[in-house]
$ cat upload_30.txt   # compact mmCIF, C-alpha atoms (C1' of nucleotides)
# COMPACT_ATOMS: atom_id res chain seq x y z
CA MET H 131 -36.53 19.83 10.33
CA ILE H 132 -34.74 16.53 9.89
CA VAL H 133 -34.89 13.20 11.66
CA LEU H 134 -32.11 10.66 11.32
CA ASP H 135 -32.43 6.91 11.49
CA PHE H 136 -29.61 5.74 13.70
CA ARG H 137 -30.42 2.11 13.01
CA ASP H 138 -30.07 2.64 9.29
CA LYS H 139 -27.03 1.10 7.69
CA ARG H 140 -26.27 4.23 5.70
CA PRO H 141 -23.73 6.72 7.08
CA LEU H 142 -25.20 9.60 9.05
CA ASN H 143 -23.45 12.25 6.96
CA GLU H 144 -25.04 10.83 3.80
CA GLN H 145 -28.46 10.78 5.42
CA VAL H 146 -28.10 14.42 6.43
CA ALA H 147 -26.96 15.46 2.97
CA GLU H 148 -29.74 13.59 1.21
CA LYS H 149 -32.49 14.92 3.44
CA ILE H 150 -31.36 18.49 3.00
CA MET H 151 -30.98 17.93 -0.73
CA ASN H 152 -34.58 16.74 -0.89
CA LEU H 153 -35.80 19.80 0.99
CA ILE H 154 -33.96 22.00 -1.49
CA ALA H 155 -35.21 20.08 -4.52
CA GLN H 156 -38.80 20.39 -3.31
CA GLY H 157 -38.45 24.08 -2.61
CA ALA H 158 -38.93 23.72 1.14
CA LEU H 159 -35.62 25.51 1.39
CA ALA H 160 -35.58 28.43 -1.03
CA PRO H 161 -32.51 29.72 -2.87
CA GLY H 162 -30.67 32.27 -0.74
CA GLU H 163 -32.03 30.84 2.48
CA ARG H 164 -29.53 30.21 5.24
CA LEU H 165 -29.04 26.71 6.61
CA PRO H 166 -28.45 25.99 10.31
CA SER H 167 -24.83 26.36 11.37
CA VAL H 168 -22.70 23.26 11.52
CA ARG H 169 -22.67 23.30 15.31
CA ASN H 170 -26.36 24.07 15.75
CA LEU H 171 -27.54 21.38 13.38
CA ALA H 172 -25.16 18.95 15.04
CA VAL H 173 -26.83 19.61 18.38
CA ASP H 174 -30.31 19.34 16.85
CA LEU H 175 -29.55 16.00 15.22
CA SER H 176 -27.48 14.68 18.13
CA VAL H 177 -24.44 14.04 16.00
CA ASN H 178 -20.89 15.35 15.88
CA PRO H 179 -20.18 18.67 14.13
CA ASN H 180 -17.77 16.81 11.85
CA THR H 181 -20.64 14.71 10.56
CA VAL H 182 -22.69 17.76 9.61
CA GLN H 183 -19.61 19.36 8.15
CA ARG H 184 -19.15 16.40 5.80
CA ALA H 185 -22.77 16.60 4.76
CA TYR H 186 -22.48 20.30 3.97
CA ALA H 187 -19.22 19.75 2.09
CA ALA H 188 -20.93 17.15 -0.08
CA LEU H 189 -23.85 19.48 -0.72
CA GLU H 190 -21.52 22.27 -1.78
CA GLU H 191 -19.57 19.87 -3.97
CA LYS H 192 -22.79 19.08 -5.81
CA GLY H 193 -23.81 22.72 -6.09
CA TYR H 194 -26.83 22.65 -3.79
CA ILE H 195 -25.41 25.13 -1.31
CA THR H 196 -22.79 27.86 -1.19
CA THR H 197 -20.49 28.15 1.79
CA ILE H 198 -19.16 31.45 3.04
CA THR H 199 -16.55 31.12 5.75
CA GLY H 200 -17.47 33.02 8.86
CA ARG H 201 -21.06 33.54 7.70
CA GLY H 202 -22.77 30.26 6.96
CA ASN H 203 -24.24 28.01 4.30
CA TYR H 204 -26.83 29.24 1.81
CA VAL H 205 -29.08 27.46 -0.66
CA SER H 206 -27.82 27.96 -4.22
CA GLU H 207 -29.87 29.09 -7.21
CA GLU H 208 -31.76 26.37 -9.00
CA SER H 209 -29.58 26.75 -12.09
CA ASN H 210 -26.64 25.53 -10.08
CA TRP H 211 -28.03 22.12 -9.25
CA LYS H 212 -31.06 21.39 -11.41
CA ASP H 213 -29.15 19.83 -14.29
CA SER H 214 -26.97 17.62 -12.13
CA LEU H 215 -30.03 16.59 -10.11
CA TYR H 216 -31.78 15.60 -13.34
CA GLY H 217 -28.82 13.53 -14.38
CA GLU H 218 -28.60 11.90 -10.99
CA VAL H 219 -32.21 10.85 -10.63
CA LEU H 220 -32.47 9.69 -14.24
CA SER H 221 -29.34 7.64 -13.77
CA GLU H 222 -30.81 6.16 -10.63
CA LEU H 223 -34.02 5.42 -12.50
CA LYS H 224 -32.08 3.55 -15.15
CA GLU H 225 -30.36 1.40 -12.57
CA THR H 226 -33.64 0.59 -10.89
CA VAL H 227 -35.32 -0.28 -14.17
CA LYS H 228 -32.43 -2.58 -14.98
CA ARG H 229 -33.09 -4.44 -11.76
CA VAL H 230 -36.81 -4.50 -12.44
CA MET H 231 -36.17 -5.92 -15.87
CA ALA H 232 -33.71 -8.45 -14.52
CA ALA H 233 -36.40 -9.60 -12.11
CA GLY H 234 -38.53 -10.56 -15.08
CA VAL H 235 -41.08 -7.75 -14.92
CA GLU H 236 -42.60 -6.99 -18.32
CA ARG H 237 -42.13 -3.57 -19.84
CA GLU H 238 -45.81 -2.72 -19.75
CA GLU H 239 -46.03 -3.43 -16.05
CA ALA H 240 -43.07 -1.18 -15.34
CA MET H 241 -44.58 1.58 -17.46
CA LYS H 242 -47.86 1.21 -15.65
CA CYS H 243 -46.08 1.60 -12.32
CA VAL H 244 -44.48 4.85 -13.47
CA ARG H 245 -47.78 6.15 -14.80
CA GLU H 246 -49.53 5.40 -11.53
CA VAL H 247 -47.02 7.30 -9.44
CA TYR H 248 -47.35 10.30 -11.74
CA GLU H 249 -51.14 10.12 -11.65
CA ARG H 250 -51.10 10.90 -7.94
CA ASP H 251 -50.76 14.67 -8.15
CA MET R 273 -20.50 -17.01 -14.15
CA ILE R 274 -20.14 -14.06 -11.80
CA VAL R 275 -17.69 -11.18 -11.55
CA LEU R 276 -17.37 -9.17 -8.37
CA ASP R 277 -16.41 -5.53 -8.06
CA PHE R 278 -13.85 -5.38 -5.29
CA ARG R 279 -13.78 -1.59 -5.40
CA ASP R 280 -17.52 -1.39 -4.81
CA LYS R 281 -18.61 -0.15 -1.43
CA ARG R 282 -21.19 -2.88 -1.07
CA PRO R 283 -20.26 -6.02 0.89
CA LEU R 284 -19.05 -8.93 -1.22
CA ASN R 285 -21.59 -11.35 0.25
CA GLU R 286 -24.42 -9.05 -0.83
CA GLN R 287 -22.99 -8.73 -4.30
CA VAL R 288 -22.77 -12.49 -4.63
CA ALA R 289 -26.31 -12.97 -3.38
CA GLU R 290 -27.75 -10.34 -5.70
CA LYS R 291 -25.97 -11.58 -8.78
CA ILE R 292 -27.11 -15.15 -8.22
CA MET R 293 -30.60 -13.86 -7.48
CA ASN R 294 -30.61 -12.11 -10.84
CA LEU R 295 -29.46 -15.26 -12.65
CA ILE R 296 -32.28 -17.18 -11.01
CA ALA R 297 -34.85 -14.49 -11.79
CA GLN R 298 -33.83 -14.44 -15.44
CA GLY R 299 -33.97 -18.20 -15.72
CA ALA R 300 -30.26 -18.56 -16.39
CA LEU R 301 -30.34 -20.86 -13.39
CA ALA R 302 -33.36 -23.13 -13.66
CA PRO R 303 -35.34 -24.47 -10.71
CA GLY R 304 -33.81 -27.68 -9.42
CA GLU R 305 -30.41 -26.79 -10.81
CA ARG R 306 -27.50 -27.18 -8.46
CA LEU R 307 -25.36 -24.20 -7.54
CA PRO R 308 -21.57 -24.39 -7.18
CA SER R 309 -20.45 -25.60 -3.78
CA VAL R 310 -19.52 -23.03 -1.18
CA ARG R 311 -15.86 -23.85 -1.50
CA ASN R 312 -15.76 -24.02 -5.29
CA LEU R 313 -17.52 -20.73 -5.80
CA ALA R 314 -15.25 -19.15 -3.20
CA VAL R 315 -12.22 -20.19 -5.24
CA ASP R 316 -13.82 -19.01 -8.50
CA LEU R 317 -14.61 -15.60 -7.06
CA SER R 318 -11.39 -15.31 -5.08
CA VAL R 319 -13.20 -14.79 -1.80
CA ASN R 320 -13.42 -16.63 1.50
CA PRO R 321 -15.84 -19.57 1.80
CA ASN R 322 -17.52 -17.74 4.68
CA THR R 323 -18.45 -14.96 2.30
CA VAL R 324 -20.16 -17.33 -0.13
CA GLN R 325 -21.79 -19.10 2.79
CA ARG R 326 -23.40 -15.86 3.91
CA ALA R 327 -24.63 -15.17 0.41
CA TYR R 328 -26.20 -18.62 0.18
CA ALA R 329 -27.77 -18.26 3.62
CA ALA R 330 -29.39 -15.00 2.53
CA LEU R 331 -30.66 -16.58 -0.66
CA GLU R 332 -32.22 -19.46 1.25
CA GLU R 333 -33.75 -17.02 3.73
CA LYS R 334 -35.50 -15.30 0.83
CA GLY R 335 -36.64 -18.54 -0.75
CA TYR R 336 -34.48 -18.45 -3.87
CA ILE R 337 -32.56 -21.62 -3.08
CA THR R 338 -32.94 -24.71 -0.94
CA THR R 339 -30.02 -26.03 1.00
CA ILE R 340 -29.46 -29.71 1.67
CA THR R 341 -26.61 -30.43 4.03
CA GLY R 342 -24.06 -32.76 2.57
CA ARG R 343 -25.48 -32.38 -0.93
CA GLY R 344 -25.54 -28.79 -2.02
CA ASN R 345 -27.70 -25.78 -2.83
CA TYR R 346 -30.49 -25.99 -5.39
CA VAL R 347 -32.58 -23.36 -7.12
CA SER R 348 -36.11 -23.27 -5.71
CA GLU R 349 -39.33 -23.38 -7.71
CA GLU R 350 -40.45 -20.07 -9.11
CA SER R 351 -43.54 -20.07 -6.91
CA ASN R 352 -41.31 -19.74 -3.85
CA TRP R 353 -39.82 -16.41 -4.78
CA LYS R 354 -41.57 -14.83 -7.77
CA ASP R 355 -44.25 -12.95 -5.85
CA SER R 356 -41.93 -11.51 -3.23
CA LEU R 357 -39.40 -10.54 -5.89
CA TYR R 358 -42.05 -8.76 -7.94
CA GLY R 359 -43.28 -6.89 -4.90
CA GLU R 360 -39.77 -5.95 -3.94
CA VAL R 361 -38.64 -4.52 -7.25
CA LEU R 362 -41.93 -2.78 -8.03
CA SER R 363 -41.89 -1.16 -4.60
CA GLU R 364 -38.35 -0.01 -5.23
CA LEU R 365 -39.40 1.33 -8.62
CA LYS R 366 -42.19 3.35 -7.05
CA GLU R 367 -39.83 4.93 -4.54
CA THR R 368 -37.39 5.85 -7.27
CA VAL R 369 -40.09 7.35 -9.47
CA LYS R 370 -41.27 9.44 -6.53
CA ARG R 371 -37.78 10.90 -6.23
CA VAL R 372 -37.61 11.43 -9.98
CA MET R 373 -40.93 13.26 -9.88
CA ALA R 374 -39.89 15.31 -6.84
CA ALA R 375 -36.80 16.40 -8.77
CA GLY R 376 -39.08 17.94 -11.39
CA VAL R 377 -38.67 15.42 -14.21
CA GLU R 378 -41.67 15.28 -16.55
CA ARG R 379 -43.62 12.07 -16.90
CA GLU R 380 -42.76 11.64 -20.55
CA GLU R 381 -39.07 11.86 -19.85
CA ALA R 382 -39.33 9.22 -17.14
CA MET R 383 -41.33 6.97 -19.45
CA LYS R 384 -38.76 7.44 -22.18
CA CYS R 385 -36.03 6.40 -19.77
CA VAL R 386 -37.86 3.18 -18.93
CA ARG R 387 -38.49 2.44 -22.58
CA GLU R 388 -34.84 2.93 -23.45
CA VAL R 389 -33.64 0.49 -20.83
CA TYR R 390 -36.09 -2.12 -22.07
CA GLU R 391 -35.07 -1.54 -25.69
CA ARG R 392 -31.56 -2.81 -24.93
CA ASP R 393 -32.19 -6.54 -25.19
C1' DA V 185 -10.67 46.23 19.71
C1' DC V 186 -13.42 42.78 21.38
C1' DA V 187 -16.53 38.88 21.76
C1' DA V 188 -19.45 35.64 19.77
C1' DG V 189 -20.53 32.89 16.06
C1' DT V 190 -19.17 31.08 11.73
C1' DG V 191 -16.60 27.47 8.53
C1' DT V 192 -12.47 24.64 8.37
C1' DA V 193 -8.77 21.48 9.60
C1' DT V 194 -6.27 18.08 12.30
C1' DT V 195 -5.32 14.23 15.26
C1' DA V 196 -6.60 10.48 18.13
C1' DA V 197 -9.60 7.08 19.80
C1' DA V 198 -13.67 4.15 19.70
C1' DT V 199 -16.88 1.49 17.25
C1' DG V 200 -18.92 -1.63 14.03
C1' DT V 201 -18.95 -4.25 9.76
C1' DC V 202 -16.74 -6.96 6.49
C1' DT V 203 -13.44 -10.23 5.29
C1' DT V 204 -10.05 -13.56 5.86
C1' DA V 205 -8.01 -17.54 8.07
C1' DA V 206 -7.85 -21.79 10.36
C1' DT V 207 -10.34 -25.25 12.21
C1' DA V 208 -13.81 -28.61 13.36
C1' DC V 209 -18.07 -31.33 12.88
C1' DA V 210 -22.09 -33.78 10.74
C1' DC V 211 -23.99 -35.27 6.66
C1' DT V 212 -24.14 -37.51 1.76
C1' DA V 213 -22.61 -40.12 -2.10
C1' DA V 214 -19.63 -43.19 -4.65
C1' DT B 219 -13.89 -45.55 3.68
C1' DT B 220 -13.07 -41.46 1.32
C1' DA B 221 -14.11 -37.26 -0.79
C1' DG B 222 -17.14 -33.66 -1.05
C1' DT B 223 -20.91 -31.19 1.01
C1' DG B 224 -23.09 -27.53 4.38
C1' DT B 225 -22.41 -25.51 8.89
C1' DA B 226 -20.29 -23.37 12.91
C1' DT B 227 -16.80 -21.11 15.66
C1' DT B 228 -13.00 -18.18 16.94
C1' DA B 229 -9.42 -14.96 16.08
C1' DA B 230 -7.32 -11.46 13.57
C1' DG B 231 -6.97 -7.68 10.37
C1' DA B 232 -8.75 -4.04 7.31
C1' DC B 233 -11.68 -0.45 6.66
C1' DA B 234 -15.17 3.24 7.13
C1' DT B 235 -17.78 5.88 10.27
C1' DT B 236 -18.24 8.56 14.16
C1' DT B 237 -16.92 10.94 18.12
C1' DA B 238 -13.93 13.94 20.75
C1' DA B 239 -10.91 17.62 21.61
C1' DT B 240 -8.61 21.21 19.74
C1' DA B 241 -7.06 25.00 16.97
C1' DC B 242 -7.32 28.68 13.46
C1' DA B 243 -9.18 32.24 10.25
C1' DC B 244 -13.06 34.76 9.05
C1' DT B 245 -17.46 37.76 9.78
C1' DT B 246 -20.65 40.34 12.41
C1' DG B 247 -22.24 43.39 15.97
C1' DT B 248 -21.02 45.91 19.87
$ encode --input "upload_30.txt" --output "structure tokens"
Amino acid sequence: MIVLDFRDKRPLNEQVAEKIMNLIAQGALAPGERLPSVRNLAVDLSVNPNTVQRAYAALEEKGYITTITGRGNYVSEESNWKDSLYGEVLSELKETVKRVMAAGVEREEAMKCVREVYERD
Amino acid sequence: MIVLDFRDKRPLNEQVAEKIMNLIAQGALAPGERLPSVRNLAVDLSVNPNTVQRAYAALEEKGYITTITGRGNYVSEESNWKDSLYGEVLSELKETVKRVMAAGVEREEAMKCVREVYERD
DNA sequence: ACAAGTGTATTAAATGTCTTAATACACTAA
DNA sequence: TTAGTGTATTAAGACATTTAATACACTTGT
């Protein structure tokens, strides 16, 4: 389901959260679906349960999942996270474009890059 | 010349390197121009000389500056870094746009975002 | 009621990176 | 010669991350 990069500089808990978030955003994990338990996923990924716990806590904080004590973690309805996801990725896009612009790339070239990625459907 | 964010999670040496890189990319620091000495910049930024040293080492590694022992650090010719910088930022832009697209953002909205950032000159 | 599985919380220790500090050395320029 | 330069090393501290070992409350199925 998920593969972590232990050489990556980024914290493991963030990697776990982001990968699950992507699966949810793409619909690979449908709303209502149950996620692996903290302990099970920890074993699967070869990390400590605390690490998975932090990832799940972050996902709940952002509205991607709903936690029910004693039962498990479940993917939330799209309405709970779609708006914040939009805001997040658009904000990230702005930051990236700022860097692109600072690097001296012309507007047209940046636009062309965006168009090309969208072409590939 | 440069202001660091001491609350930022990113290492200070990386922040220094990136900010100088941006100044070079924008032409605020012209090729051949001399950069502040390791010790002087360290005092200006209120960091340790070792931190500036690491930033300069990284910049030389990437071809942005040329170091001459006993003399100082000088901005390299554009031909030494322009291509790799372009490739780097455009590659980063592609990755970001992929995430934006995966999140369900329409092409026009992404394009509008890029346009808006470029408008702010 | 019981057992197993769940999320949650806490504390301690280990680890690794970043940063500072204090030096020291070789080189360059005036 | 002197001051300023880049470079290198070692030690120490701060900090975040991760692991480990528990413990507790809740839910489910028997």
$ closest_residue --input "upload_30.txt" --among "R:Val319, R:Leu313, R:Val275, R:Ile296" --to "chain V" --atoms "only C-alpha atoms (C1' of nucleotides)"
R:Val319
$ residues_around --input "upload_30.txt" --residues "DC242 in chain B" --least-positions-apart "3" --cutoff "12 Å" --atoms "all atoms listed in the file" --output "list in words"
Gly200 of chain H; DG191, DT192, DA193 and DT194 of chain V
$ interface_residues --input "upload_30.txt" --of "chain R" --to "chain B" --cutoff "10 Å" --atoms "only C-alpha atoms (C1' of nucleotides)" --output "PyMOL selection string"
chain R and resi 281+309-311+325+339-345
$ residues_around --input "upload_30.txt" --residues "Leu220 in chain H" --least-positions-apart "5" --cutoff "10 Å" --atoms "all atoms listed in the file" --output "list in words"
Ser214, Leu215, Glu225 and Thr226 of chain H; Thr368, Val369, Arg371, Val372, Ala375, Val377, Glu381, Ala382, Cys385 and Val386 of chain R
$ write_last_selection --input "upload_30.txt" --atoms "C-alpha atoms" --output "mmCIF file, in the coordinates of the input"
data_model
loop_
_atom_site.group_PDB
_atom_site.id
_atom_site.type_symbol
_atom_site.label_atom_id
_atom_site.label_comp_id
_atom_site.auth_asym_id
_atom_site.auth_seq_id
_atom_site.Cartn_x
_atom_site.Cartn_y
_atom_site.Cartn_z
ATOM 1 C CA SER H 214 -26.970 17.620 -12.130
ATOM 2 C CA LEU H 215 -30.030 16.590 -10.110
ATOM 3 C CA GLU H 225 -30.360 1.400 -12.570
ATOM 4 C CA THR H 226 -33.640 0.590 -10.890
ATOM 5 C CA THR R 368 -37.390 5.850 -7.270
ATOM 6 C CA VAL R 369 -40.090 7.350 -9.470
ATOM 7 C CA ARG R 371 -37.780 10.900 -6.230
ATOM 8 C CA VAL R 372 -37.610 11.430 -9.980
ATOM 9 C CA ALA R 375 -36.800 16.400 -8.770
ATOM 10 C CA VAL R 377 -38.670 15.420 -14.210
ATOM 11 C CA GLU R 381 -39.070 11.860 -19.850
ATOM 12 C CA ALA R 382 -39.330 9.220 -17.140
ATOM 13 C CA CYS R 385 -36.030 6.400 -19.770
ATOM 14 C CA VAL R 386 -37.860 3.180 -18.930
#
$ calpha_fit_rmsd --input "upload_30.txt" --fixed "chain H" --moving "chain R"
1.2 Å
$ atom_distance --input "upload_30.txt" --atom1 "CA of Ala327 in chain R" --atom2 "CA of Val288 in chain R"
6.0 Å
$ closest_residue --input "upload_30.txt" --among "R:Leu284, R:Met293, R:Leu301, R:Met273" --to "chain H" --atoms "all atoms listed in the file"
R:Met293
$ atom_distance --input "upload_30.txt" --atom1 "CA of Asp355 in chain R" --atom2 "CA of Arg326 in chain R"
23.2 Å
$ residues_near_point --input "upload_30.txt" --point "(-20.0, 24.8, 0.0)" --cutoff "8 Å" --atoms "all atoms listed in the file" --output "list of chain:residue names"
H:Tyr186, H:Ala187, H:Ala188, H:Leu189, H:Glu190, H:Glu191, H:Gly193, H:Ile195, H:Thr196, H:Thr197, H:Ile198, H:Asn203
